[in-house]
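Peer 1: The following file, start08.pdb, comprises PDB, C-alpha atoms and all ligand atoms:
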```pdb
MODEL        1
ATOM      1  CA  MET A   1     -56.746 -66.135 129.052  1.00  0.00           C
ATOM      2  CA  LYS A   2     -55.833 -68.253 131.978  1.00  0.00           C
ATOM      3  CA  GLU A   3     -56.601 -71.811 132.892  1.00  0.00           C
ATOM      4  CA  ILE A   4     -58.163 -73.284 136.020  1.00  0.00           C
ATOM      5  CA  SER A   5     -57.058 -76.785 136.881  1.00  0.00           C
ATOM      6  CA  ILE A   6     -59.458 -78.915 138.916  1.00  0.00           C
ATOM      7  CA  GLN A   7     -58.279 -81.894 140.934  1.00  0.00           C
ATOM      8  CA  SER A   8     -60.379 -84.633 142.506  1.00  0.00           C
ATOM      9  CA  VAL A   9     -59.205 -86.934 145.258  1.00  0.00           C
ATOM     10  CA  VAL A  10     -60.693 -90.434 145.448  1.00  0.00           C
ATOM     11  CA  HIS A  11     -59.685 -92.818 148.229  1.00  0.00           C
ATOM     12  CA  VAL A  12     -59.685 -96.380 146.905  1.00  0.00           C
ATOM     13  CA  TYR A  13     -60.226 -99.225 149.372  1.00  0.00           C
ATOM     14  CA  SER A  14     -59.633-102.769 148.126  1.00  0.00           C
ATOM     15  CA  GLY A  15     -62.851-103.969 149.755  1.00  0.00           C
ATOM     16  CA  ILE A  16     -65.361-103.285 152.508  1.00  0.00           C
ATOM     17  CA  GLY A  17     -63.048-104.949 155.054  1.00  0.00           C
ATOM     18  CA  GLU A  18     -60.409-102.255 154.598  1.00  0.00           C
ATOM     19  CA  LEU A  19     -62.807 -99.476 155.667  1.00  0.00           C
ATOM     20  CA  PRO A  20     -63.041 -98.190 159.241  1.00  0.00           C
ATOM     21  CA  GLU A  21     -65.674-100.164 161.161  1.00  0.00           C
ATOM     22  CA  ALA A  22     -68.286 -97.379 161.207  1.00  0.00           C
ATOM     23  CA  ASP A  23     -68.005 -97.027 157.429  1.00  0.00           C
ATOM     24  CA  GLN A  24     -68.390-100.781 156.970  1.00  0.00           C
ATOM     25  CA  GLU A  25     -71.612-100.483 158.936  1.00  0.00           C
ATOM     26  CA  LEU A  26     -72.868 -97.704 156.678  1.00  0.00           C
ATOM     27  CA  ILE A  27     -72.027 -99.632 153.490  1.00  0.00           C
ATOM     28  CA  ASN A  28     -73.757-102.689 154.914  1.00  0.00           C
ATOM     29  CA  ALA A  29     -76.823-100.547 155.632  1.00  0.00           C
ATOM     30  CA  ALA A  30     -76.809 -99.464 151.969  1.00  0.00           C
ATOM     31  CA  ILE A  31     -76.515-103.112 150.890  1.00  0.00           C
ATOM     32  CA  GLY A  32     -79.497-103.924 153.102  1.00  0.00           C
ATOM     33  CA  ALA A  33     -81.512-101.048 151.649  1.00  0.00           C
ATOM     34  CA  ARG A  34     -80.672-102.293 148.140  1.00  0.00           C
ATOM     35  CA  LEU A  35     -82.679-105.460 148.801  1.00  0.00           C
ATOM     36  CA  HIS A  36     -85.877-103.398 148.897  1.00  0.00           C
ATOM     37  CA  ALA A  37     -85.228-101.429 145.718  1.00  0.00           C
ATOM     38  CA  TYR A  38     -88.142-101.393 143.294  1.00  0.00           C
ATOM     39  CA  ALA A  39     -86.381-101.885 139.966  1.00  0.00           C
ATOM     40  CA  PRO A  40     -88.556-104.090 137.737  1.00  0.00           C
ATOM     41  CA  TYR A  41     -87.442-102.254 134.577  1.00  0.00           C
ATOM     42  CA  SER A  42     -83.670-101.778 134.913  1.00  0.00           C
ATOM     43  CA  HIS A  43     -83.011-104.772 137.213  1.00  0.00           C
ATOM     44  CA  PHE A  44     -80.370-102.461 138.700  1.00  0.00           C
ATOM     45  CA  PHE A  45     -80.783-102.354 142.460  1.00  0.00           C
ATOM     46  CA  VAL A  46     -79.305 -99.440 144.370  1.00  0.00           C
ATOM     47  CA  GLY A  47     -79.338 -98.797 148.087  1.00  0.00           C
ATOM     48  CA  ALA A  48     -78.258 -95.660 149.910  1.00  0.00           C
ATOM     49  CA  ALA A  49     -77.613 -95.011 153.600  1.00  0.00           C
ATOM     50  CA  VAL A  50     -77.362 -91.453 154.907  1.00  0.00           C
ATOM     51  CA  LEU A  51     -75.600 -90.791 158.214  1.00  0.00           C
ATOM     52  CA  LEU A  52     -76.843 -87.744 160.122  1.00  0.00           C
ATOM     53  CA  ASP A  53     -74.922 -85.819 162.773  1.00  0.00           C
ATOM     54  CA  ASP A  54     -76.950 -87.390 165.607  1.00  0.00           C
ATOM     55  CA  GLY A  55     -76.005 -90.894 164.442  1.00  0.00           C
ATOM     56  CA  THR A  56     -79.320 -91.598 162.711  1.00  0.00           C
ATOM     57  CA  ILE A  57     -79.050 -93.644 159.515  1.00  0.00           C
ATOM     58  CA  VAL A  58     -81.709 -92.974 156.878  1.00  0.00           C
ATOM     59  CA  LEU A  59     -82.151 -95.532 154.122  1.00  0.00           C
ATOM     60  CA  GLY A  60     -83.287 -95.184 150.530  1.00  0.00           C
ATOM     61  CA  ASN A  61     -83.349 -97.220 147.345  1.00  0.00           C
ATOM     62  CA  ASN A  62     -84.269 -96.664 143.740  1.00  0.00           C
ATOM     63  CA  GLN A  63     -88.001 -96.526 143.077  1.00  0.00           C
ATOM     64  CA  GLU A  64     -88.766 -97.015 139.419  1.00  0.00           C
ATOM     65  CA  ASN A  65     -91.979 -96.281 137.564  1.00  0.00           C
ATOM     66  CA  VAL A  66     -93.508 -97.491 134.310  1.00  0.00           C
ATOM     67  CA  ALA A  67     -93.330 -93.839 133.241  1.00  0.00           C
ATOM     68  CA  TYR A  68     -89.537 -93.921 133.559  1.00  0.00           C
ATOM     69  CA  PRO A  69     -88.764 -90.288 134.500  1.00  0.00           C
ATOM     70  CA  SER A  70     -91.253 -90.502 137.383  1.00  0.00           C
ATOM     71  CA  GLY A  71     -88.944 -92.859 139.274  1.00  0.00           C
ATOM     72  CA  LEU A  72     -86.204 -91.743 141.630  1.00  0.00           C
ATOM     73  CA  CYS A  73     -82.646 -92.812 142.439  1.00  0.00           C
ATOM     74  CA  ALA A  74     -81.669 -94.319 145.799  1.00  0.00           C
ATOM     75  CA  GLU A  75     -79.501 -91.348 146.802  1.00  0.00           C
ATOM     76  CA  ARG A  76     -82.282 -88.805 146.384  1.00  0.00           C
ATOM     77  CA  THR A  77     -84.867 -91.102 147.980  1.00  0.00           C
ATOM     78  CA  ALA A  78     -82.629 -91.331 151.067  1.00  0.00           C
ATOM     79  CA  LEU A  79     -81.667 -87.655 151.181  1.00  0.00           C
ATOM     80  CA  PHE A  80     -85.233 -86.444 150.716  1.00  0.00           C
ATOM     81  CA  ALA A  81     -86.415 -88.856 153.427  1.00  0.00           C
ATOM     82  CA  ALA A  82     -83.711 -87.418 155.718  1.00  0.00           C
ATOM     83  CA  GLY A  83     -84.738 -83.863 154.858  1.00  0.00           C
ATOM     84  CA  ALA A  84     -88.420 -84.659 155.344  1.00  0.00           C
ATOM     85  CA  ASN A  85     -88.106 -86.543 158.627  1.00  0.00           C
ATOM     86  CA  PHE A  86     -85.038 -84.993 160.258  1.00  0.00           C
ATOM     87  CA  PRO A  87     -85.048 -81.355 159.170  1.00  0.00           C
ATOM     88  CA  GLY A  88     -82.054 -79.344 160.312  1.00  0.00           C
ATOM     89  CA  LYS A  89     -79.840 -82.380 160.920  1.00  0.00           C
ATOM     90  CA  ALA A  90     -76.522 -82.228 159.125  1.00  0.00           C
ATOM     91  CA  VAL A  91     -75.677 -84.985 156.656  1.00  0.00           C
ATOM     92  CA  LEU A  92     -72.226 -86.377 157.409  1.00  0.00           C
ATOM     93  CA  LYS A  93     -72.001 -89.279 154.967  1.00  0.00           C
ATOM     94  CA  ILE A  94     -73.863 -91.204 152.321  1.00  0.00           C
ATOM     95  CA  ALA A  95     -73.036 -94.767 151.290  1.00  0.00           C
ATOM     96  CA  ILE A  96     -74.195 -96.225 147.980  1.00  0.00           C
ATOM     97  CA  ALA A  97     -74.282 -99.898 146.941  1.00  0.00           C
ATOM     98  CA  ALA A  98     -75.576-101.386 143.685  1.00  0.00           C
ATOM     99  CA  SER A  99     -76.202-104.780 142.150  1.00  0.00           C
ATOM    100  CA  SER A 100     -77.882-106.147 139.053  1.00  0.00           C
ATOM    101  CA  ASN A 101     -79.764-109.279 138.098  1.00  0.00           C
ATOM    102  CA  ASP A 102     -78.206-109.137 134.657  1.00  0.00           C
ATOM    103  CA  PHE A 103     -74.463-108.694 135.289  1.00  0.00           C
ATOM    104  CA  GLU A 104     -71.816-108.514 137.997  1.00  0.00           C
ATOM    105  CA  VAL A 105     -71.346-105.037 139.441  1.00  0.00           C
ATOM    106  CA  ASN A 106     -67.652-105.251 140.360  1.00  0.00           C
ATOM    107  CA  ASN A 107     -66.950-101.541 140.288  1.00  0.00           C
ATOM    108  CA  PRO A 108     -68.166 -98.780 142.590  1.00  0.00           C
ATOM    109  CA  VAL A 109     -71.268 -97.000 141.338  1.00  0.00           C
ATOM    110  CA  TYR A 110     -71.037 -93.225 141.296  1.00  0.00           C
ATOM    111  CA  PRO A 111     -74.154 -91.057 141.679  1.00  0.00           C
ATOM    112  CA  CYS A 112     -75.833 -89.594 138.595  1.00  0.00           C
ATOM    113  CA  GLY A 113     -75.653 -85.883 137.882  1.00  0.00           C
ATOM    114  CA  ALA A 114     -79.067 -85.066 139.353  1.00  0.00           C
ATOM    115  CA  CYS A 115     -78.184 -86.825 142.617  1.00  0.00           C
ATOM    116  CA  ARG A 116     -74.865 -84.987 142.792  1.00  0.00           C
ATOM    117  CA  GLN A 117     -76.752 -81.699 142.517  1.00  0.00           C
ATOM    118  CA  VAL A 118     -79.093 -82.693 145.365  1.00  0.00           C
ATOM    119  CA  MET A 119     -76.154 -83.907 147.466  1.00  0.00           C
ATOM    120  CA  SER A 120     -74.488 -80.551 146.886  1.00  0.00           C
ATOM    121  CA  GLU A 121     -77.552 -78.758 148.318  1.00  0.00           C
ATOM    122  CA  TYR A 122     -77.558 -80.915 151.465  1.00  0.00           C
ATOM    123  CA  GLU A 123     -73.821 -80.462 151.826  1.00  0.00           C
ATOM    124  CA  GLN A 124     -74.242 -76.705 151.755  1.00  0.00           C
ATOM    125  CA  LEU A 125     -77.085 -76.931 154.310  1.00  0.00           C
ATOM    126  CA  SER A 126     -74.901 -79.126 156.505  1.00  0.00           C
ATOM    127  CA  LYS A 127     -72.003 -76.647 156.355  1.00  0.00           C
ATOM    128  CA  ARG A 128     -69.373 -79.381 156.053  1.00  0.00           C
ATOM    129  CA  PRO A 129     -68.032 -81.682 153.360  1.00  0.00           C
ATOM    130  CA  MET A 130     -70.228 -84.733 152.781  1.00  0.00           C
ATOM    131  CA  GLU A 131     -68.326 -88.008 152.660  1.00  0.00           C
ATOM    132  CA  ILE A 132     -69.522 -90.263 149.862  1.00  0.00           C
ATOM    133  CA  LEU A 133     -68.814 -93.999 149.921  1.00  0.00           C
ATOM    134  CA  MET A 134     -69.440 -95.809 146.646  1.00  0.00           C
ATOM    135  CA  TYR A 135     -69.646 -99.560 146.173  1.00  0.00           C
ATOM    136  CA  GLY A 136     -70.990-102.069 143.677  1.00  0.00           C
ATOM    137  CA  ALA A 137     -71.828-105.629 144.693  1.00  0.00           C
ATOM    138  CA  SER A 138     -68.180-106.613 145.204  1.00  0.00           C
ATOM    139  CA  GLY A 139     -64.686-105.202 144.788  1.00  0.00           C
ATOM    140  CA  GLU A 140     -63.357-101.751 145.644  1.00  0.00           C
ATOM    141  CA  VAL A 141     -64.994 -99.030 147.664  1.00  0.00           C
ATOM    142  CA  HIS A 142     -64.328 -95.483 146.493  1.00  0.00           C
ATOM    143  CA  VAL A 143     -64.593 -92.683 149.027  1.00  0.00           C
ATOM    144  CA  VAL A 144     -64.537 -88.945 148.440  1.00  0.00           C
ATOM    145  CA  ASN A 145     -64.602 -86.286 151.111  1.00  0.00           C
ATOM    146  CA  GLY A 146     -66.833 -83.572 149.726  1.00  0.00           C
ATOM    147  CA  LEU A 147     -68.925 -83.037 146.635  1.00  0.00           C
ATOM    148  CA  ILE A 148     -66.181 -80.871 145.200  1.00  0.00           C
ATOM    149  CA  ASN A 149     -64.464 -84.108 144.172  1.00  0.00           C
ATOM    150  CA  ILE A 150     -67.341 -85.337 142.008  1.00  0.00           C
ATOM    151  CA  LEU A 151     -69.194 -82.079 141.288  1.00  0.00           C
ATOM    152  CA  PRO A 152     -66.637 -79.307 141.018  1.00  0.00           C
ATOM    153  CA  VAL A 153     -67.679 -75.760 140.115  1.00  0.00           C
ATOM    154  CA  ALA A 154     -71.252 -76.604 141.158  1.00  0.00           C
ATOM    155  CA  PHE A 155     -74.280 -74.389 140.731  1.00  0.00           C
ATOM    156  CA  ASN A 156     -75.366 -73.586 144.280  1.00  0.00           C
ATOM    157  CA  ALA A 157     -77.359 -71.155 146.427  1.00  0.00           C
ATOM    158  CA  ASP A 158     -74.573 -68.566 146.203  1.00  0.00           C
ATOM    159  CA  ASN A 159     -75.488 -68.150 142.547  1.00  0.00           C
ATOM    160  CA  LEU A 160     -78.969 -66.945 143.559  1.00  0.00           C
ATOM    161  CA  LYS A 161     -77.866 -64.572 146.325  1.00  0.00           C
ATOM    162  CA  ARG A 162     -79.623 -61.210 146.137  1.00  0.00           C
ATOM    163  CA  ARG A 163     -77.597 -58.043 146.385  1.00  0.00           C
TER     164      ARG A 163
HETATM  165 ZN    ZN B 201     -79.215 -90.442 140.713  1.00  0.00          ZN
ENDMDL
END
```
Take the structure in the file and write it out as structure tokens.
Ligand SMILES: [Zn+2]

Peer 2:
Amino acid sequence: MKEISIQSVVHVYSGIGELPEADQELINAAIGARLHAYAPYSHFFVGAAVLLDDGTIVLGNNQENVAYPSGLCAERTALFAAGANFPGKAVLKIAIAASSNDFEVNNPVYPCGACRQVMSEYEQLSKRPMEILMYGASGEVHVVNGLINILPVAFNADNLKRR
């Protein structure tokens, strides 16, 4: 028996102002997208902004449904919109921002497992690590360079490769 040790690297910024200017812009785009979230059930508003390799920014937000599982998270809404409207463009970054009517969101919000899996697919298609910027409504911004930091040992297309 041997052991595999897995390490994640998270860059912690004290606030949006500490980020490079282009990243501030992307976080602000996610904050803007958050305003249009449809979240009448959770009151948890999430916005996502996807940066493509041609500079295009694609926005998404959570879209809830009275039949709860029919809704979709902001990250997947944005990534699927990017895939649908800009096929073949590489995804460089995704910024996520969240707020709630019910409590202060002072900590960065990390994507759920299903979104991480979808991000992993787009990262593989893009052939480069996807940078993920995570923010709440105030406080720190957490940044990881590559899904490997939040979804190590992922199930991906290599697992379905035919001989
Ligand atoms: Zn999600």

Peer 1: Since I can't run it myself right now, could you work out what the PyMOL selection byres (((chain A and resi 14) around 9) and not hetatm) selects here and report it as a list in words?

Peer 2: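 This file gives the following for the PyMOL selection byres (((chain A and resi 14) around 9) and not hetatm): Val12, Tyr13, Gly15, Ile16, Gly17, Glu18, Leu19, Gly139, Glu140, Val141 and His142 of chain A.
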
Peer 1: As a quick test: using all atoms listed in the file, which residues lie no more than 10 Å away from ligand ZN 201 (chain B)? Give them as a ChimeraX atom specification.

Peer 2: /A:46,62,72-77,110-119

Peer 1: To one decimal place, how far is CA of Ile150 in chain A from CA of Asn85 in chain A in Å?

Peer 2: 26.6 Å

Peer 1: For Ile57 in chain A, which residue among A:Ala97, A:Leu35, A:Val109, A:Leu79 is the nearest when counting only C-alpha atoms?

Peer 2: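 The shortest atom-to-atom distance to Ile57 in chain A comes from A:Leu79.
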
Peer 1: If I take CA of Arg162 in chain A and CA of Gln124 in chain A, how far is one from the other in Å, to one decimal?

Peer 2: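 Going from CA of Arg162 in chain A over to CA of Gln124 in chain A covers 17.3 Å.
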
Peer 1: Expressed in Å to a single decimal, how great is the separation between CA of His11 in chain A and CA of Leu59 in chain A?

Peer 2: 23.4 Å

Peer 1: Please list as number ranges by chain every residue within 9 Å of Glu131 in chain A, counting only C-alpha atoms and excluding residues in the same chain fewer than 5 positions away.

Peer 2: A: 91-95, 143-147

Peer 1: Counting only C-alpha atoms, I want the residues whose atoms come within 10 Å of (-83.2, -98.1, 141.9) in the file frame, returned as number ranges by chain.

Peer 2: A: 34, 36-48, 60-65, 71-75, 77, 98-99

Peer 1: Would you kindly translate the PyMOL selection byres (((chain A and resi 87) around 12) and not hetatm) into the concrete residues it picks from this file, as a ChimeraX atom specification?

Peer 2: /A:52-54,79-86,88-91,122,125-126

Peer 1: Select, from A:Val50, A:Ile96, A:Leu160, A:Leu151, the residue with the minimum atom-to-atom distance to Ile31 in chain A, counting all atoms listed in the file.

Peer 2: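 Checking each candidate against Ile31 in chain A, we get A:Ile96 as the closest.
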